[in-house]
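Undergrad: First the structure, which I've put down as structure tokens, then a few questions once you've had a look.
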Amino acid sequence: FSTFWNTEVIITNNDLPEFNLNGMSDGPYANVIGVHGNKPFTITYGPEAYIEGTNTAIIKTPSLYEHQLQKRLSEK
């Protein structure tokens, strides 16, 4: 399982009105969360990837480590 957390993508081609970020087709069950950039885009990643928060930076918890730590501490 691959995880992409709060990843910033910089698109340098200003001629693109829309952009699709094509991920791997052999990365099953990937977690693609908070991928954002300087232009709006869509994400295609599979098979059965979990995609959340596209085009939105994760401000509250930018670190995946901190997010997981907060989750563990709140469960106690």
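So you can find residues: chains in the structure tokens are A, B, ... in the order shown, residues in each start at 1, and ligands are numbered from 1 in order.
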Excluding same-chain residues fewer than 2 positions from segment 50-53 of chain A, what lies within 10 Å of it counting only C-alpha atoms, as an mmCIF file with C-alpha atoms, in the first residue's frame?

TA:
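Output saved as out_22.cif:
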```
data_model
loop_
_atom_site.group_PDB
_atom_site.id
_atom_site.type_symbol
_atom_site.label_atom_id
_atom_site.label_comp_id
_atom_site.auth_asym_id
_atom_site.auth_seq_id
_atom_site.Cartn_x
_atom_site.Cartn_y
_atom_site.Cartn_z
ATOM 1 C CA THR A 3 0.455 6.571 0.638
ATOM 2 C CA PHE A 4 0.724 10.064 -0.806
ATOM 3 C CA TRP A 5 -0.068 12.586 1.950
ATOM 4 C CA ASN A 6 -0.320 16.352 1.495
ATOM 5 C CA PRO A 28 -3.463 -1.422 -5.539
ATOM 6 C CA TYR A 29 -5.127 0.127 -2.504
ATOM 7 C CA ALA A 30 -3.011 3.278 -2.556
ATOM 8 C CA ASN A 31 -3.976 6.172 -0.296
ATOM 9 C CA VAL A 32 -3.877 9.493 -2.152
ATOM 10 C CA ILE A 33 -4.818 12.165 0.379
ATOM 11 C CA GLY A 34 -4.460 15.935 0.145
ATOM 12 C CA VAL A 35 -2.638 16.074 -3.185
ATOM 13 C CA HIS A 36 -2.778 19.706 -4.278
ATOM 14 C CA ILE A 43 -6.317 12.149 -10.179
ATOM 15 C CA THR A 44 -6.527 8.717 -11.754
ATOM 16 C CA TYR A 45 -4.847 6.018 -9.680
ATOM 17 C CA GLY A 46 -5.687 2.377 -9.383
ATOM 18 C CA PRO A 47 -6.768 -0.205 -8.852
ATOM 19 C CA GLU A 48 -9.046 0.530 -5.906
ATOM 20 C CA ASN A 55 -6.787 20.071 -4.675
ATOM 21 C CA THR A 56 -6.841 20.726 -0.932
ATOM 22 C CA ALA A 57 -3.739 21.150 1.214
ATOM 23 C CA ILE A 58 -3.904 19.524 4.629
#
```

Undergrad: So which residues touch Ile10 of chain A within 12 Å, counting only C-alpha atoms, skipping near sequence neighbours fewer than 5 positions away, as a PyMOL selection string?

TA: chain A and resi 19+21+35-41+55

Undergrad: Deliver the residues from the most recent selection as a file, using C-alpha atoms, as a short mmCIF file (atom, residue, chain, number, x, y, z; two decimals), in the first residue's frame.

TA:
```cif
data_model
loop_
_atom_site.label_atom_id
_atom_site.label_comp_id
_atom_site.auth_asym_id
_atom_site.auth_seq_id
_atom_site.Cartn_x
_atom_site.Cartn_y
_atom_site.Cartn_z
CA PHE A 19 -4.83 18.53 -15.87
CA LEU A 21 -2.54 13.34 -12.73
CA VAL A 35 -2.64 16.07 -3.18
CA HIS A 36 -2.78 19.71 -4.28
CA GLY A 37 -0.95 22.16 -6.50
CA ASN A 38 -0.86 25.49 -8.20
CA LYS A 39 -3.65 24.49 -10.63
CA PRO A 40 -6.74 22.34 -10.15
CA PHE A 41 -6.47 18.78 -11.45
CA ASN A 55 -6.79 20.07 -4.68
#
```

Undergrad: Counting only C-alpha atoms, which of A:Gln68, A:Val9, A:Glu75, A:Ser2 gets nearest to Thr54 of chain A?

TA: A:Val9

Undergrad: Hey, what does DSSP flag as alpha helix (DSSP H) within chain A? Can you give it to me as an MDAnalysis selection string?

TA: chainID A and resid 64:74

Undergrad: Give me, please, the distance in Å between atom CA of Ile59 of chain A and atom CA of Thr7 of chain A, quoted to one decimal.

TA: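 Separation between atom CA of Ile59 of chain A and atom CA of Thr7 of chain A: 11.7 Å.
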
Undergrad: Between atom CA of Gly27 of chain A and atom CA of Glu66 of chain A, what distance in Å does the model show, to one decimal?

TA: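 Taking atom CA of Gly27 of chain A and atom CA of Glu66 of chain A, their separation equals 24.6 Å.
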
Undergrad: When you count only C-alpha atoms, which of these residues is closest to Met24 of chain A: A:Thr12, A:Arg72, A:His67, A:Ala49?

TA: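 Smallest separation from Met24 of chain A among the options: A:Ala49.
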
Undergrad: Any idea what the distance is between atom CA of Thr42 of chain A and atom CA of Gly23 of chain A?

TA: 10.6 Å

Undergrad: Could you please write out, as a VMD selection string, every residue of chain A that DSSP assigns to strand (DSSP E or B)?

TA: chain A and resid 3 to 5 8 to 9 20 to 22 31 to 33 36 to 37 42 to 44 50 to 52

Undergrad: Write out, as a PDB file, in the first residue's frame, the residues just selected, with N, CA, C and O atoms.

TA:
```pdb
ATOM      1  N   THR A   3       1.201   5.430   0.132  1.00  0.00           N
ATOM      2  CA  THR A   3       0.455   6.571   0.638  1.00  0.00           C
ATOM      3  C   THR A   3       1.106   7.855   0.165  1.00  0.00           C
ATOM      4  O   THR A   3       2.308   8.045   0.313  1.00  0.00           O
ATOM      5  N   PHE A   4       0.299   8.729  -0.407  1.00  0.00           N
ATOM      6  CA  PHE A   4       0.724  10.064  -0.806  1.00  0.00           C
ATOM      7  C   PHE A   4      -0.070  11.025   0.061  1.00  0.00           C
ATOM      8  O   PHE A   4      -1.292  11.107  -0.049  1.00  0.00           O
ATOM      9  N   TRP A   5       0.598  11.747   0.940  1.00  0.00           N
ATOM     10  CA  TRP A   5      -0.068  12.586   1.950  1.00  0.00           C
ATOM     11  C   TRP A   5       0.381  14.025   1.773  1.00  0.00           C
ATOM     12  O   TRP A   5       1.570  14.328   1.862  1.00  0.00           O
ATOM     13  N   GLU A   8       2.402  18.363  -2.783  1.00  0.00           N
ATOM     14  CA  GLU A   8       2.191  19.524  -3.652  1.00  0.00           C
ATOM     15  C   GLU A   8       2.740  19.225  -5.037  1.00  0.00           C
ATOM     16  O   GLU A   8       3.883  18.800  -5.191  1.00  0.00           O
ATOM     17  N   VAL A   9       1.911  19.465  -6.062  1.00  0.00           N
ATOM     18  CA  VAL A   9       2.292  19.242  -7.451  1.00  0.00           C
ATOM     19  C   VAL A   9       2.333  20.602  -8.137  1.00  0.00           C
ATOM     20  O   VAL A   9       1.342  21.336  -8.118  1.00  0.00           O
ATOM     21  N   ASN A  20      -4.900  16.108 -15.643  1.00  0.00           N
ATOM     22  CA  ASN A  20      -5.199  14.848 -14.976  1.00  0.00           C
ATOM     23  C   ASN A  20      -3.878  14.218 -14.553  1.00  0.00           C
ATOM     24  O   ASN A  20      -3.003  13.987 -15.368  1.00  0.00           O
ATOM     25  N   LEU A  21      -3.736  13.976 -13.274  1.00  0.00           N
ATOM     26  CA  LEU A  21      -2.544  13.336 -12.733  1.00  0.00           C
ATOM     27  C   LEU A  21      -2.770  11.830 -12.810  1.00  0.00           C
ATOM     28  O   LEU A  21      -3.545  11.269 -12.041  1.00  0.00           O
ATOM     29  N   ASN A  22      -2.117  11.182 -13.765  1.00  0.00           N
ATOM     30  CA  ASN A  22      -2.277   9.739 -13.963  1.00  0.00           C
ATOM     31  C   ASN A  22      -1.278   8.991 -13.102  1.00  0.00           C
ATOM     32  O   ASN A  22      -0.076   9.114 -13.292  1.00  0.00           O
ATOM     33  N   ASN A  31      -3.301   5.073  -0.976  1.00  0.00           N
ATOM     34  CA  ASN A  31      -3.976   6.172  -0.296  1.00  0.00           C
ATOM     35  C   ASN A  31      -3.426   7.465  -0.874  1.00  0.00           C
ATOM     36  O   ASN A  31      -2.234   7.753  -0.726  1.00  0.00           O
ATOM     37  N   VAL A  32      -4.273   8.229  -1.537  1.00  0.00           N
ATOM     38  CA  VAL A  32      -3.877   9.493  -2.152  1.00  0.00           C
ATOM     39  C   VAL A  32      -4.700  10.574  -1.455  1.00  0.00           C
ATOM     40  O   VAL A  32      -5.870  10.767  -1.760  1.00  0.00           O
ATOM     41  N   ILE A  33      -4.077  11.267  -0.496  1.00  0.00           N
ATOM     42  CA  ILE A  33      -4.818  12.165   0.379  1.00  0.00           C
ATOM     43  C   ILE A  33      -4.158  13.544   0.400  1.00  0.00           C
ATOM     44  O   ILE A  33      -2.974  13.663   0.700  1.00  0.00           O
ATOM     45  N   HIS A  36      -2.349  18.386  -3.831  1.00  0.00           N
ATOM     46  CA  HIS A  36      -2.778  19.706  -4.278  1.00  0.00           C
ATOM     47  C   HIS A  36      -1.660  20.364  -5.080  1.00  0.00           C
ATOM     48  O   HIS A  36      -0.543  19.852  -5.121  1.00  0.00           O
ATOM     49  N   GLY A  37      -1.973  21.475  -5.722  1.00  0.00           N
ATOM     50  CA  GLY A  37      -0.947  22.157  -6.502  1.00  0.00           C
ATOM     51  C   GLY A  37      -1.335  23.573  -6.838  1.00  0.00           C
ATOM     52  O   GLY A  37      -2.265  24.146  -6.275  1.00  0.00           O
ATOM     53  N   THR A  42      -7.405  16.588 -11.692  1.00  0.00           N
ATOM     54  CA  THR A  42      -8.053  15.349 -11.263  1.00  0.00           C
ATOM     55  C   THR A  42      -6.959  14.298 -11.115  1.00  0.00           C
ATOM     56  O   THR A  42      -5.856  14.447 -11.643  1.00  0.00           O
ATOM     57  N   ILE A  43      -7.286  13.228 -10.404  1.00  0.00           N
ATOM     58  CA  ILE A  43      -6.317  12.149 -10.179  1.00  0.00           C
ATOM     59  C   ILE A  43      -6.929  10.828 -10.618  1.00  0.00           C
ATOM     60  O   ILE A  43      -8.058  10.505 -10.273  1.00  0.00           O
ATOM     61  N   THR A  44      -6.159  10.074 -11.381  1.00  0.00           N
ATOM     62  CA  THR A  44      -6.527   8.717 -11.754  1.00  0.00           C
ATOM     63  C   THR A  44      -5.442   7.799 -11.207  1.00  0.00           C
ATOM     64  O   THR A  44      -4.273   7.931 -11.577  1.00  0.00           O
ATOM     65  N   TYR A  50      -7.763   4.778  -2.664  1.00  0.00           N
ATOM     66  CA  TYR A  50      -8.582   5.656  -1.836  1.00  0.00           C
ATOM     67  C   TYR A  50      -8.070   7.072  -2.074  1.00  0.00           C
ATOM     68  O   TYR A  50      -6.912   7.382  -1.781  1.00  0.00           O
ATOM     69  N   ILE A  51      -8.915   7.931  -2.651  1.00  0.00           N
ATOM     70  CA  ILE A  51      -8.521   9.296  -2.983  1.00  0.00           C
ATOM     71  C   ILE A  51      -9.412  10.254  -2.214  1.00  0.00           C
ATOM     72  O   ILE A  51     -10.640  10.158  -2.274  1.00  0.00           O
ATOM     73  N   GLU A  52      -8.778  11.176  -1.483  1.00  0.00           N
ATOM     74  CA  GLU A  52      -9.526  12.132  -0.658  1.00  0.00           C
ATOM     75  C   GLU A  52      -8.805  13.479  -0.662  1.00  0.00           C
ATOM     76  O   GLU A  52      -7.585  13.540  -0.633  1.00  0.00           O
TER      77      GLU A  52
END
```
